[in-house]
Amino acid sequence: MELIIQKTDTLKGVIKAPPSKSYTHRAIIISSLGDGKSLLKDPLFSEDTRASLNACETLGAEIKQKKESCIVQGTGGKLKTPEDVLDLKNSGTTLRIMTSVASLAPDYTVLTGDSSLRTRPMQDLLDALHGLSVTAFSTRNNGKPPICIKGGFKGGKTDIKGDVSSQFISSLLIASPYARNPVDINIKGNFISKPYVDMTTDVMNKFGVNTDYDKENNSFHVENQSYKSRDYTIEGDFSSASYIIGAAASLRGEILVKNVFKDSKQGDKQILDIVKEMGAEVKFKKDEVAIRGYGKLQGIEVNLENAPDLLPTVSALGAISEGETRITNVEHARFKETDRIHTCAVELSKLGVSLKEEHDGLIIRGGAKGGVVKSHGDHRLVMALSLVGLKVGGVKIENASVYNVSFPDFPETMKKLGCKIEVHK
């Protein structure tokens, strides 16, 4: 499937932000570990979150899906061993979190996925689990999926690098309440993407589990506890909303985005500061934000250490801005669905953009024009490249259907606001 993006001059409208993918993953998995029945309101049903949902069902949770909610009958932490290998498709979040959670099942669980997922580095998480007396290993002995996990989570103390993936830390934390002994997790080195871990501990707390974070020693302590069932509403997603916000900022017009919260723990909330600095007008209320664009943006320097998923969005905005945009401290974006620094550089270059690839980011000097680009199977790259097409026109994105991973109705949502996007199957 292809997306054809034509030049769009003005946008206007009111839109509800898509539900948070990150919060949906966490809510589904944590409620599945809970001690009763939970009602999850406004979850995101996408390819990635369905991977978590299916994994939890296979491990013993009972989940009933409705149009805008799901009811989860939890396991109380007593999981069952899957009858077959778990295929997690392309969901890196599911892979990483379920690696620790699977240790709560009695026997062996094998986690695998598509060709992209099987390239994801996992050795740091496996090493950290070994420190907690969990037997977990790569079946090909290369630190990548398929991953085999033996049931039995003793607990104790372990170390994990803080500069590889925050999802490794989230994984350990989510499973830790059901370890036989208390768990201490020592974060080694720079703690990148901490807002994602804050999101994890926030959901854990909402479901009745307390975590202690020692800021001075950069460590977590989790006692033996159990998750309590509850009704829980999933907030809007700043990662997905960043394409709506970016479009509104770079074109003319005004968009009101609802279901985004001023006190959100999402690191990608940074997109509002970014577009404001680039020249858009931003007015934030408690649970909605208004973006007014004036048809022109100015390049800036952006540190994306705590918001790596914004790299494609900010790269696209830099490609259609005046002056230079410098993106720094986001080397960990090389370990996402693709090496996002490199794929952003490759595809934006096809659109005539002058740029330089750095080890931890990009220097972009604009100059975008129409052309044909590829998705590399990366949902965020598709939606970000759409922003370039809206500004300059004549952009065709091949293999574009992967936006289903996080934003299944992306084209329809953008069309409602006036964007000229055509879907060619």
# chains A, B, ... in the order shown; residues from 1 in each chain; ligands from 1
$ residues_around --residues "A:Ser31" --least-positions-apart "6" --cutoff "10 Å" --atoms "only C-alpha atoms" --output "ChimeraX atom specification"
/A:37-40,56,61,63,71-77,203-204,207,227-232
$ write_last_selection --atoms "N, CA and C atoms" --output "CSV table (one decimal), in the first residue's frame"
chain,number,residue,atom,x,y,z
A,37,LYS,N,-10.8,-8.3,38.1
A,37,LYS,CA,-11.3,-7.9,36.8
A,37,LYS,C,-11.1,-6.4,36.7
A,38,SER,N,-10.4,-5.9,35.6
A,38,SER,CA,-10.1,-4.5,35.3
A,38,SER,C,-10.8,-4.1,34.1
A,39,LEU,N,-11.3,-2.9,34.1
A,39,LEU,CA,-11.9,-2.3,32.9
A,39,LEU,C,-10.9,-1.2,32.4
A,40,LEU,N,-10.4,-1.4,31.1
A,40,LEU,CA,-9.5,-0.5,30.5
A,40,LEU,C,-10.3,0.4,29.5
A,56,CYS,N,-0.6,-11.9,26.7
A,56,CYS,CA,-1.2,-12.0,28.0
A,56,CYS,C,-2.3,-13.1,28.0
A,61,ALA,N,-4.4,-14.8,31.1
A,61,ALA,CA,-5.4,-13.8,31.3
A,61,ALA,C,-6.6,-13.9,30.4
A,63,ILE,N,-9.3,-11.8,28.3
A,63,ILE,CA,-9.5,-10.4,27.9
A,63,ILE,C,-10.7,-10.3,26.9
A,71,ILE,N,-12.1,-5.6,28.9
A,71,ILE,CA,-12.2,-6.1,30.3
A,71,ILE,C,-11.2,-7.2,30.4
A,72,VAL,N,-10.3,-7.1,31.5
A,72,VAL,CA,-9.2,-8.0,31.7
A,72,VAL,C,-9.4,-8.7,33.0
A,73,GLN,N,-9.5,-10.0,32.9
A,73,GLN,CA,-9.6,-10.9,34.1
A,73,GLN,C,-8.1,-11.3,34.4
A,74,GLY,N,-7.6,-10.8,35.4
A,74,GLY,CA,-6.2,-11.0,35.7
A,74,GLY,C,-5.8,-12.4,36.3
A,75,THR,N,-4.6,-12.6,36.3
A,75,THR,CA,-4.1,-14.0,36.8
A,75,THR,C,-3.6,-14.0,38.2
A,76,GLY,N,-3.5,-12.8,38.8
A,76,GLY,CA,-3.0,-12.7,40.2
A,76,GLY,C,-1.5,-13.1,40.2
A,77,GLY,N,-0.8,-12.9,39.0
A,77,GLY,CA,0.6,-13.3,38.9
A,77,GLY,C,0.9,-14.7,38.7
A,203,VAL,N,1.8,3.6,36.1
A,203,VAL,CA,0.8,2.6,35.9
A,203,VAL,C,0.8,1.6,37.0
A,204,MET,N,2.0,1.1,37.4
A,204,MET,CA,2.2,0.2,38.5
A,204,MET,C,1.5,0.7,39.8
A,207,PHE,N,-2.2,0.6,39.8
A,207,PHE,CA,-2.7,-0.7,40.0
A,207,PHE,C,-2.3,-1.3,41.4
A,227,TYR,N,-0.6,-6.8,42.1
A,227,TYR,CA,-1.4,-5.7,41.4
A,227,TYR,C,-2.9,-5.9,41.8
A,228,LYS,N,-3.6,-4.8,42.0
A,228,LYS,CA,-5.0,-4.8,42.3
A,228,LYS,C,-5.8,-4.4,41.0
A,229,SER,N,-6.9,-5.0,40.8
A,229,SER,CA,-7.7,-4.7,39.6
A,229,SER,C,-8.4,-3.3,39.8
A,230,ARG,N,-8.7,-2.6,38.7
A,230,ARG,CA,-9.4,-1.3,38.8
A,230,ARG,C,-9.9,-0.9,37.4
A,231,ASP,N,-10.6,0.2,37.4
A,231,ASP,CA,-11.0,0.8,36.1
A,231,ASP,C,-9.9,1.8,35.8
A,232,TYR,N,-9.5,1.9,34.6
A,232,TYR,CA,-8.3,2.7,34.2
A,232,TYR,C,-8.6,3.3,32.8
$ residues_around --residues "A:His130" --least-positions-apart "3" --cutoff "12 Å" --atoms "only C-alpha atoms" --output "count of residues only"
24
$ residues_around --residues "A:Arg326" --least-positions-apart "5" --cutoff "6 Å" --atoms "only C-alpha atoms" --output "ChimeraX atom specification"
/A:301,362-363
$ closest_residue --among "A:Gly299, A:Gly189, A:Pro182, A:Pro312" --to "A:Asp163" --atoms "only C-alpha atoms"
A:Gly189
$ closest_residue --among "A:Arg96, A:Arg292, A:His379, A:Arg50" --to "A:Leu11" --atoms "only C-alpha atoms"
A:Arg292
$ select_by_dssp --residues "stretch 253-394 of chain A" --states "strand (DSSP E or B)" --output "PyMOL selection string"
chain A and resi 253-258+281-284+288-294+298+301-303+322+325-328+355-358+361-364+371-374
$ write_last_selection --atoms "C-alpha atoms" --output "mmCIF file, in the first residue's frame"
data_model
loop_
_atom_site.group_PDB
_atom_site.id
_atom_site.type_symbol
_atom_site.label_atom_id
_atom_site.label_comp_id
_atom_site.auth_asym_id
_atom_site.auth_seq_id
_atom_site.Cartn_x
_atom_site.Cartn_y
_atom_site.Cartn_z
ATOM 1 C CA GLY A 253 -4.421 27.183 10.462
ATOM 2 C CA GLU A 254 -5.384 26.075 13.946
ATOM 3 C CA ILE A 255 -5.933 22.622 15.419
ATOM 4 C CA LEU A 256 -7.315 21.707 18.842
ATOM 5 C CA VAL A 257 -6.030 18.336 20.097
ATOM 6 C CA LYS A 258 -8.058 16.799 22.940
ATOM 7 C CA GLU A 281 1.766 29.196 18.772
ATOM 8 C CA VAL A 282 0.920 26.719 21.535
ATOM 9 C CA LYS A 283 -1.835 27.121 24.130
ATOM 10 C CA PHE A 284 -2.071 24.253 26.628
ATOM 11 C CA GLU A 288 -6.217 19.807 25.428
ATOM 12 C CA VAL A 289 -3.804 21.883 23.386
ATOM 13 C CA ALA A 290 -4.348 24.402 20.592
ATOM 14 C CA ILE A 291 -1.695 24.715 17.871
ATOM 15 C CA ARG A 292 -1.662 27.676 15.478
ATOM 16 C CA GLY A 293 0.696 27.556 12.507
ATOM 17 C CA TYR A 294 1.785 30.451 10.345
ATOM 18 C CA GLN A 298 12.693 28.070 11.904
ATOM 19 C CA GLU A 301 18.791 22.641 18.194
ATOM 20 C CA VAL A 302 16.920 19.806 19.932
ATOM 21 C CA ASN A 303 18.099 17.323 22.571
ATOM 22 C CA GLU A 322 14.361 27.626 7.314
ATOM 23 C CA THR A 325 17.980 21.969 12.697
ATOM 24 C CA ARG A 326 20.401 20.017 14.884
ATOM 25 C CA ILE A 327 19.130 16.893 16.681
ATOM 26 C CA THR A 328 21.406 15.515 19.432
ATOM 27 C CA LEU A 355 21.709 16.847 5.937
ATOM 28 C CA LYS A 356 24.543 15.193 7.814
ATOM 29 C CA GLU A 357 24.247 11.994 9.846
ATOM 30 C CA GLU A 358 26.013 12.113 13.227
ATOM 31 C CA GLY A 361 21.649 12.591 15.707
ATOM 32 C CA LEU A 362 21.231 14.629 12.542
ATOM 33 C CA ILE A 363 22.090 18.076 11.193
ATOM 34 C CA ILE A 364 19.384 19.142 8.733
ATOM 35 C CA GLY A 371 9.811 12.352 -4.470
ATOM 36 C CA VAL A 372 9.394 8.651 -3.715
ATOM 37 C CA VAL A 373 10.428 7.247 -0.327
ATOM 38 C CA LYS A 374 10.230 3.907 1.504
#
$ atom_distance --atom1 "atom CA of A:Pro146" --atom2 "atom CA of A:Thr99"
10.6 Å
$ atom_distance --atom1 "atom CA of A:Glu2" --atom2 "atom CA of A:Ser116"
20.5 Å
$ closest_residue --among "A:His342, A:Arg365, A:Lys286, A:Lys144" --to "A:Pro121" --atoms "only C-alpha atoms"
A:Lys144
$ select_by_dssp --residues "stretch 77-133 of chain A" --states "alpha helix (DSSP H)" --output "ChimeraX atom specification"
/A:92-101,123-131
$ write_last_selection --atoms "C-alpha atoms" --output "PDB file, in the first residue's frame"
ATOM      1  CA  GLY A  92       9.656  -4.470  20.648  1.00  0.00           C
ATOM      2  CA  THR A  93       7.789  -3.228  23.741  1.00  0.00           C
ATOM      3  CA  THR A  94       5.956  -6.547  24.071  1.00  0.00           C
ATOM      4  CA  LEU A  95       9.176  -8.508  23.599  1.00  0.00           C
ATOM      5  CA  ARG A  96      11.081  -6.580  26.233  1.00  0.00           C
ATOM      6  CA  ILE A  97       8.395  -6.431  28.906  1.00  0.00           C
ATOM      7  CA  MET A  98       7.196 -10.018  28.417  1.00  0.00           C
ATOM      8  CA  THR A  99      10.748 -11.386  28.703  1.00  0.00           C
ATOM      9  CA  SER A 100      10.675 -10.654  32.442  1.00  0.00           C
ATOM     10  CA  VAL A 101       6.955 -11.359  32.869  1.00  0.00           C
ATOM     11  CA  GLN A 123      21.564  -9.309  26.005  1.00  0.00           C
ATOM     12  CA  ASP A 124      21.619  -6.497  28.596  1.00  0.00           C
ATOM     13  CA  LEU A 125      18.156  -7.514  29.810  1.00  0.00           C
ATOM     14  CA  LEU A 126      19.098 -11.210  29.818  1.00  0.00           C
ATOM     15  CA  ASP A 127      22.198 -10.426  31.898  1.00  0.00           C
ATOM     16  CA  ALA A 128      20.146  -8.377  34.362  1.00  0.00           C
ATOM     17  CA  LEU A 129      17.649 -11.237  34.735  1.00  0.00           C
ATOM     18  CA  HIS A 130      20.503 -13.650  35.421  1.00  0.00           C
ATOM     19  CA  GLY A 131      21.384 -11.396  38.371  1.00  0.00           C
TER      20      GLY A 131
END
$ closest_residue --among "A:Ile29, A:Leu251, A:Val183, A:Ile397" --to "A:Cys419" --atoms "only C-alpha atoms"
A:Leu251
$ atom_distance --atom1 "atom CA of A:Thr24" --atom2 "atom CA of A:Asp87"
18.9 Å
$ residues_around --residues "A:Ser170" --least-positions-apart "2" --cutoff "9 Å" --atoms "only C-alpha atoms" --output "ChimeraX atom specification"
/A:96-97,166-168,172-175,196-201
$ write_last_selection --atoms "C-alpha atoms" --output "PDB file, in the first residue's frame"
ATOM      1  CA  ARG A  96      11.081  -6.580  26.233  1.00  0.00           C
ATOM      2  CA  ILE A  97       8.395  -6.431  28.906  1.00  0.00           C
ATOM      3  CA  SER A 166      14.408   2.157  29.190  1.00  0.00           C
ATOM      4  CA  GLN A 167      12.135  -0.789  28.288  1.00  0.00           C
ATOM      5  CA  PHE A 168      14.631  -3.176  29.901  1.00  0.00           C
ATOM      6  CA  LEU A 172      12.263  -5.782  35.328  1.00  0.00           C
ATOM      7  CA  LEU A 173      10.070  -3.428  37.358  1.00  0.00           C
ATOM      8  CA  ILE A 174       6.732  -4.783  36.087  1.00  0.00           C
ATOM      9  CA  ALA A 175       7.566  -8.404  36.977  1.00  0.00           C
ATOM     10  CA  TYR A 196       9.178   6.025  29.879  1.00  0.00           C
ATOM     11  CA  VAL A 197      10.144   4.390  33.189  1.00  0.00           C
ATOM     12  CA  ASP A 198       8.168   7.088  35.024  1.00  0.00           C
ATOM     13  CA  MET A 199       5.173   6.025  32.915  1.00  0.00           C
ATOM     14  CA  THR A 200       5.744   2.420  33.998  1.00  0.00           C
ATOM     15  CA  THR A 201       5.928   3.200  37.716  1.00  0.00           C
TER      16      THR A 201
END
$ closest_residue --among "A:Leu304, A:Val330, A:Val405, A:Met383" --to "A:Ile244" --atoms "only C-alpha atoms"
A:Met383
$ closest_residue --among "A:Asp84, A:Glu235, A:Glu324, A:Asp184" --to "A:Asp212" --atoms "only C-alpha atoms"
A:Asp184
$ decode --residues "stretch 50-192 of chain A" --atoms "C-alpha atoms" --output "PDB file, in the first residue's frame"
ATOM      1  CA  ARG A  50      -2.550  -6.591  20.095  1.00  0.00           C
ATOM      2  CA  ALA A  51       0.782  -8.428  20.393  1.00  0.00           C
ATOM      3  CA  SER A  52       0.774  -7.644  24.132  1.00  0.00           C
ATOM      4  CA  LEU A  53      -2.913  -8.535  24.432  1.00  0.00           C
ATOM      5  CA  ASN A  54      -2.440 -11.883  22.685  1.00  0.00           C
ATOM      6  CA  ALA A  55       0.657 -12.687  24.765  1.00  0.00           C
ATOM      7  CA  CYS A  56      -1.219 -11.998  28.002  1.00  0.00           C
ATOM      8  CA  GLU A  57      -4.131 -14.193  26.887  1.00  0.00           C
ATOM      9  CA  THR A  58      -1.733 -17.013  26.021  1.00  0.00           C
ATOM     10  CA  LEU A  59      -0.181 -16.711  29.494  1.00  0.00           C
ATOM     11  CA  GLY A  60      -3.577 -17.102  31.173  1.00  0.00           C
ATOM     12  CA  ALA A  61      -5.396 -13.751  31.301  1.00  0.00           C
ATOM     13  CA  GLU A  62      -8.955 -13.545  29.949  1.00  0.00           C
ATOM     14  CA  ILE A  63      -9.519 -10.403  27.859  1.00  0.00           C
ATOM     15  CA  LYS A  64     -12.779  -9.263  26.260  1.00  0.00           C
ATOM     16  CA  GLN A  65     -12.385  -6.548  23.639  1.00  0.00           C
ATOM     17  CA  LYS A  66     -15.086  -3.960  23.029  1.00  0.00           C
ATOM     18  CA  LYS A  67     -15.096  -0.999  20.661  1.00  0.00           C
ATOM     19  CA  GLU A  68     -13.554   1.529  23.052  1.00  0.00           C
ATOM     20  CA  SER A  69     -12.610  -0.612  26.051  1.00  0.00           C
ATOM     21  CA  CYS A  70     -11.520  -4.047  27.167  1.00  0.00           C
ATOM     22  CA  ILE A  71     -12.222  -6.117  30.261  1.00  0.00           C
ATOM     23  CA  VAL A  72      -9.220  -7.984  31.682  1.00  0.00           C
ATOM     24  CA  GLN A  73      -9.581 -10.872  34.106  1.00  0.00           C
ATOM     25  CA  GLY A  74      -6.152 -10.998  35.714  1.00  0.00           C
ATOM     26  CA  THR A  75      -4.077 -13.967  36.768  1.00  0.00           C
ATOM     27  CA  GLY A  76      -2.953 -12.739  40.173  1.00  0.00           C
ATOM     28  CA  GLY A  77       0.597 -13.263  38.920  1.00  0.00           C
ATOM     29  CA  LYS A  78       0.009 -16.992  38.443  1.00  0.00           C
ATOM     30  CA  LEU A  79       0.676 -17.438  34.756  1.00  0.00           C
ATOM     31  CA  LYS A  80       0.408 -20.588  32.672  1.00  0.00           C
ATOM     32  CA  THR A  81       3.055 -21.872  30.278  1.00  0.00           C
ATOM     33  CA  PRO A  82       2.136 -21.205  26.618  1.00  0.00           C
ATOM     34  CA  GLU A  83       1.373 -24.241  24.486  1.00  0.00           C
ATOM     35  CA  ASP A  84       3.451 -22.862  21.607  1.00  0.00           C
ATOM     36  CA  VAL A  85       6.071 -20.262  20.758  1.00  0.00           C
ATOM     37  CA  LEU A  86       4.761 -16.691  21.195  1.00  0.00           C
ATOM     38  CA  ASP A  87       4.932 -14.671  17.966  1.00  0.00           C
ATOM     39  CA  LEU A  88       5.091 -11.002  18.981  1.00  0.00           C
ATOM     40  CA  LYS A  89       5.153  -9.731  15.374  1.00  0.00           C
ATOM     41  CA  ASN A  90       7.070  -6.418  15.330  1.00  0.00           C
ATOM     42  CA  SER A  91       6.394  -5.241  18.884  1.00  0.00           C
ATOM     43  CA  GLY A  92       9.656  -4.470  20.648  1.00  0.00           C
ATOM     44  CA  THR A  93       7.789  -3.228  23.741  1.00  0.00           C
ATOM     45  CA  THR A  94       5.956  -6.547  24.071  1.00  0.00           C
ATOM     46  CA  LEU A  95       9.176  -8.508  23.599  1.00  0.00           C
ATOM     47  CA  ARG A  96      11.081  -6.580  26.233  1.00  0.00           C
ATOM     48  CA  ILE A  97       8.395  -6.431  28.906  1.00  0.00           C
ATOM     49  CA  MET A  98       7.196 -10.018  28.417  1.00  0.00           C
ATOM     50  CA  THR A  99      10.748 -11.386  28.703  1.00  0.00           C
ATOM     51  CA  SER A 100      10.675 -10.654  32.442  1.00  0.00           C
ATOM     52  CA  VAL A 101       6.955 -11.359  32.869  1.00  0.00           C
ATOM     53  CA  ALA A 102       7.314 -14.813  31.266  1.00  0.00           C
ATOM     54  CA  SER A 103       9.569 -15.846  34.150  1.00  0.00           C
ATOM     55  CA  LEU A 104       6.393 -15.921  36.280  1.00  0.00           C
ATOM     56  CA  ALA A 105       5.069 -18.878  34.238  1.00  0.00           C
ATOM     57  CA  PRO A 106       6.010 -22.338  35.585  1.00  0.00           C
ATOM     58  CA  ASP A 107       7.965 -23.811  32.664  1.00  0.00           C
ATOM     59  CA  TYR A 108       9.657 -22.615  29.447  1.00  0.00           C
ATOM     60  CA  THR A 109       8.341 -19.759  27.297  1.00  0.00           C
ATOM     61  CA  VAL A 110       9.809 -18.870  23.885  1.00  0.00           C
ATOM     62  CA  LEU A 111       9.362 -15.342  22.486  1.00  0.00           C
ATOM     63  CA  THR A 112       9.988 -14.513  18.846  1.00  0.00           C
ATOM     64  CA  GLY A 113       8.649 -12.218  16.109  1.00  0.00           C
ATOM     65  CA  ASP A 114       9.154 -11.004  12.569  1.00  0.00           C
ATOM     66  CA  SER A 115      12.528 -10.526  10.868  1.00  0.00           C
ATOM     67  CA  SER A 116      12.884  -6.998  12.261  1.00  0.00           C
ATOM     68  CA  LEU A 117      12.091  -8.027  15.844  1.00  0.00           C
ATOM     69  CA  ARG A 118      14.658 -10.820  15.634  1.00  0.00           C
ATOM     70  CA  THR A 119      17.388  -8.172  15.170  1.00  0.00           C
ATOM     71  CA  ARG A 120      16.618  -6.425  18.489  1.00  0.00           C
ATOM     72  CA  PRO A 121      19.491  -6.569  21.013  1.00  0.00           C
ATOM     73  CA  MET A 122      18.365  -8.198  24.282  1.00  0.00           C
ATOM     74  CA  GLN A 123      21.564  -9.309  26.005  1.00  0.00           C
ATOM     75  CA  ASP A 124      21.619  -6.497  28.596  1.00  0.00           C
ATOM     76  CA  LEU A 125      18.156  -7.514  29.810  1.00  0.00           C
ATOM     77  CA  LEU A 126      19.098 -11.210  29.818  1.00  0.00           C
ATOM     78  CA  ASP A 127      22.198 -10.426  31.898  1.00  0.00           C
ATOM     79  CA  ALA A 128      20.146  -8.377  34.362  1.00  0.00           C
ATOM     80  CA  LEU A 129      17.649 -11.237  34.735  1.00  0.00           C
ATOM     81  CA  HIS A 130      20.503 -13.650  35.421  1.00  0.00           C
ATOM     82  CA  GLY A 131      21.384 -11.396  38.371  1.00  0.00           C
ATOM     83  CA  LEU A 132      17.886 -12.058  39.725  1.00  0.00           C
ATOM     84  CA  SER A 133      18.315 -15.854  39.309  1.00  0.00           C
ATOM     85  CA  VAL A 134      16.139 -16.000  36.190  1.00  0.00           C
ATOM     86  CA  THR A 135      17.229 -18.389  33.427  1.00  0.00           C
ATOM     87  CA  ALA A 136      16.753 -16.545  30.115  1.00  0.00           C
ATOM     88  CA  PHE A 137      18.803 -16.861  26.949  1.00  0.00           C
ATOM     89  CA  SER A 138      18.918 -16.277  23.221  1.00  0.00           C
ATOM     90  CA  THR A 139      18.243 -19.516  21.354  1.00  0.00           C
ATOM     91  CA  ARG A 140      20.856 -18.574  18.730  1.00  0.00           C
ATOM     92  CA  ASN A 141      23.304 -17.375  21.391  1.00  0.00           C
ATOM     93  CA  ASN A 142      23.568 -13.950  19.723  1.00  0.00           C
ATOM     94  CA  GLY A 143      21.695 -11.875  22.322  1.00  0.00           C
ATOM     95  CA  LYS A 144      18.681 -11.526  20.011  1.00  0.00           C
ATOM     96  CA  PRO A 145      15.305 -13.282  19.671  1.00  0.00           C
ATOM     97  CA  PRO A 146      14.098 -15.955  19.774  1.00  0.00           C
ATOM     98  CA  ILE A 147      14.375 -15.687  23.576  1.00  0.00           C
ATOM     99  CA  CYS A 148      13.761 -18.651  25.880  1.00  0.00           C
ATOM    100  CA  ILE A 149      12.734 -17.988  29.497  1.00  0.00           C
ATOM    101  CA  LYS A 150      12.516 -20.624  32.228  1.00  0.00           C
ATOM    102  CA  GLY A 151       9.913 -20.095  34.942  1.00  0.00           C
ATOM    103  CA  GLY A 152      11.199 -18.968  38.336  1.00  0.00           C
ATOM    104  CA  PHE A 153      11.872 -15.381  39.488  1.00  0.00           C
ATOM    105  CA  LYS A 154      13.871 -15.510  42.728  1.00  0.00           C
ATOM    106  CA  GLY A 155      14.677 -11.792  42.983  1.00  0.00           C
ATOM    107  CA  GLY A 156      17.629 -10.137  44.743  1.00  0.00           C
ATOM    108  CA  LYS A 157      19.958  -7.490  43.321  1.00  0.00           C
ATOM    109  CA  THR A 158      20.994  -6.776  39.749  1.00  0.00           C
ATOM    110  CA  ASP A 159      22.571  -4.112  37.552  1.00  0.00           C
ATOM    111  CA  ILE A 160      21.394  -2.787  34.196  1.00  0.00           C
ATOM    112  CA  LYS A 161      22.795  -0.152  31.873  1.00  0.00           C
ATOM    113  CA  GLY A 162      20.679   2.991  31.740  1.00  0.00           C
ATOM    114  CA  ASP A 163      21.802   4.108  28.288  1.00  0.00           C
ATOM    115  CA  VAL A 164      20.563   1.192  26.133  1.00  0.00           C
ATOM    116  CA  SER A 165      16.779   0.842  26.526  1.00  0.00           C
ATOM    117  CA  SER A 166      14.408   2.157  29.190  1.00  0.00           C
ATOM    118  CA  GLN A 167      12.135  -0.789  28.288  1.00  0.00           C
ATOM    119  CA  PHE A 168      14.631  -3.176  29.901  1.00  0.00           C
ATOM    120  CA  ILE A 169      14.189  -1.323  33.196  1.00  0.00           C
ATOM    121  CA  SER A 170      10.397  -1.223  32.778  1.00  0.00           C
ATOM    122  CA  SER A 171      10.433  -4.970  32.092  1.00  0.00           C
ATOM    123  CA  LEU A 172      12.263  -5.782  35.328  1.00  0.00           C
ATOM    124  CA  LEU A 173      10.070  -3.428  37.358  1.00  0.00           C
ATOM    125  CA  ILE A 174       6.732  -4.783  36.087  1.00  0.00           C
ATOM    126  CA  ALA A 175       7.566  -8.404  36.977  1.00  0.00           C
ATOM    127  CA  SER A 176       9.365  -7.640  40.259  1.00  0.00           C
ATOM    128  CA  PRO A 177       6.344  -7.519  42.627  1.00  0.00           C
ATOM    129  CA  TYR A 178       5.882 -11.273  42.075  1.00  0.00           C
ATOM    130  CA  ALA A 179       9.508 -12.268  42.654  1.00  0.00           C
ATOM    131  CA  ARG A 180      10.012 -14.572  45.637  1.00  0.00           C
ATOM    132  CA  ASN A 181      12.312 -12.011  47.290  1.00  0.00           C
ATOM    133  CA  PRO A 182      12.478  -8.185  47.118  1.00  0.00           C
ATOM    134  CA  VAL A 183      14.202  -6.776  44.023  1.00  0.00           C
ATOM    135  CA  ASP A 184      16.887  -4.087  43.828  1.00  0.00           C
ATOM    136  CA  ILE A 185      17.750  -2.701  40.383  1.00  0.00           C
ATOM    137  CA  ASN A 186      20.875  -0.568  40.091  1.00  0.00           C
ATOM    138  CA  ILE A 187      20.978   1.671  37.003  1.00  0.00           C
ATOM    139  CA  LYS A 188      24.519   1.920  35.644  1.00  0.00           C
ATOM    140  CA  GLY A 189      25.641   5.029  33.756  1.00  0.00           C
ATOM    141  CA  ASN A 190      23.394   7.634  32.141  1.00  0.00           C
ATOM    142  CA  PHE A 191      19.647   7.044  32.637  1.00  0.00           C
ATOM    143  CA  ILE A 192      18.191   7.830  29.190  1.00  0.00           C
TER     144      ILE A 192
END
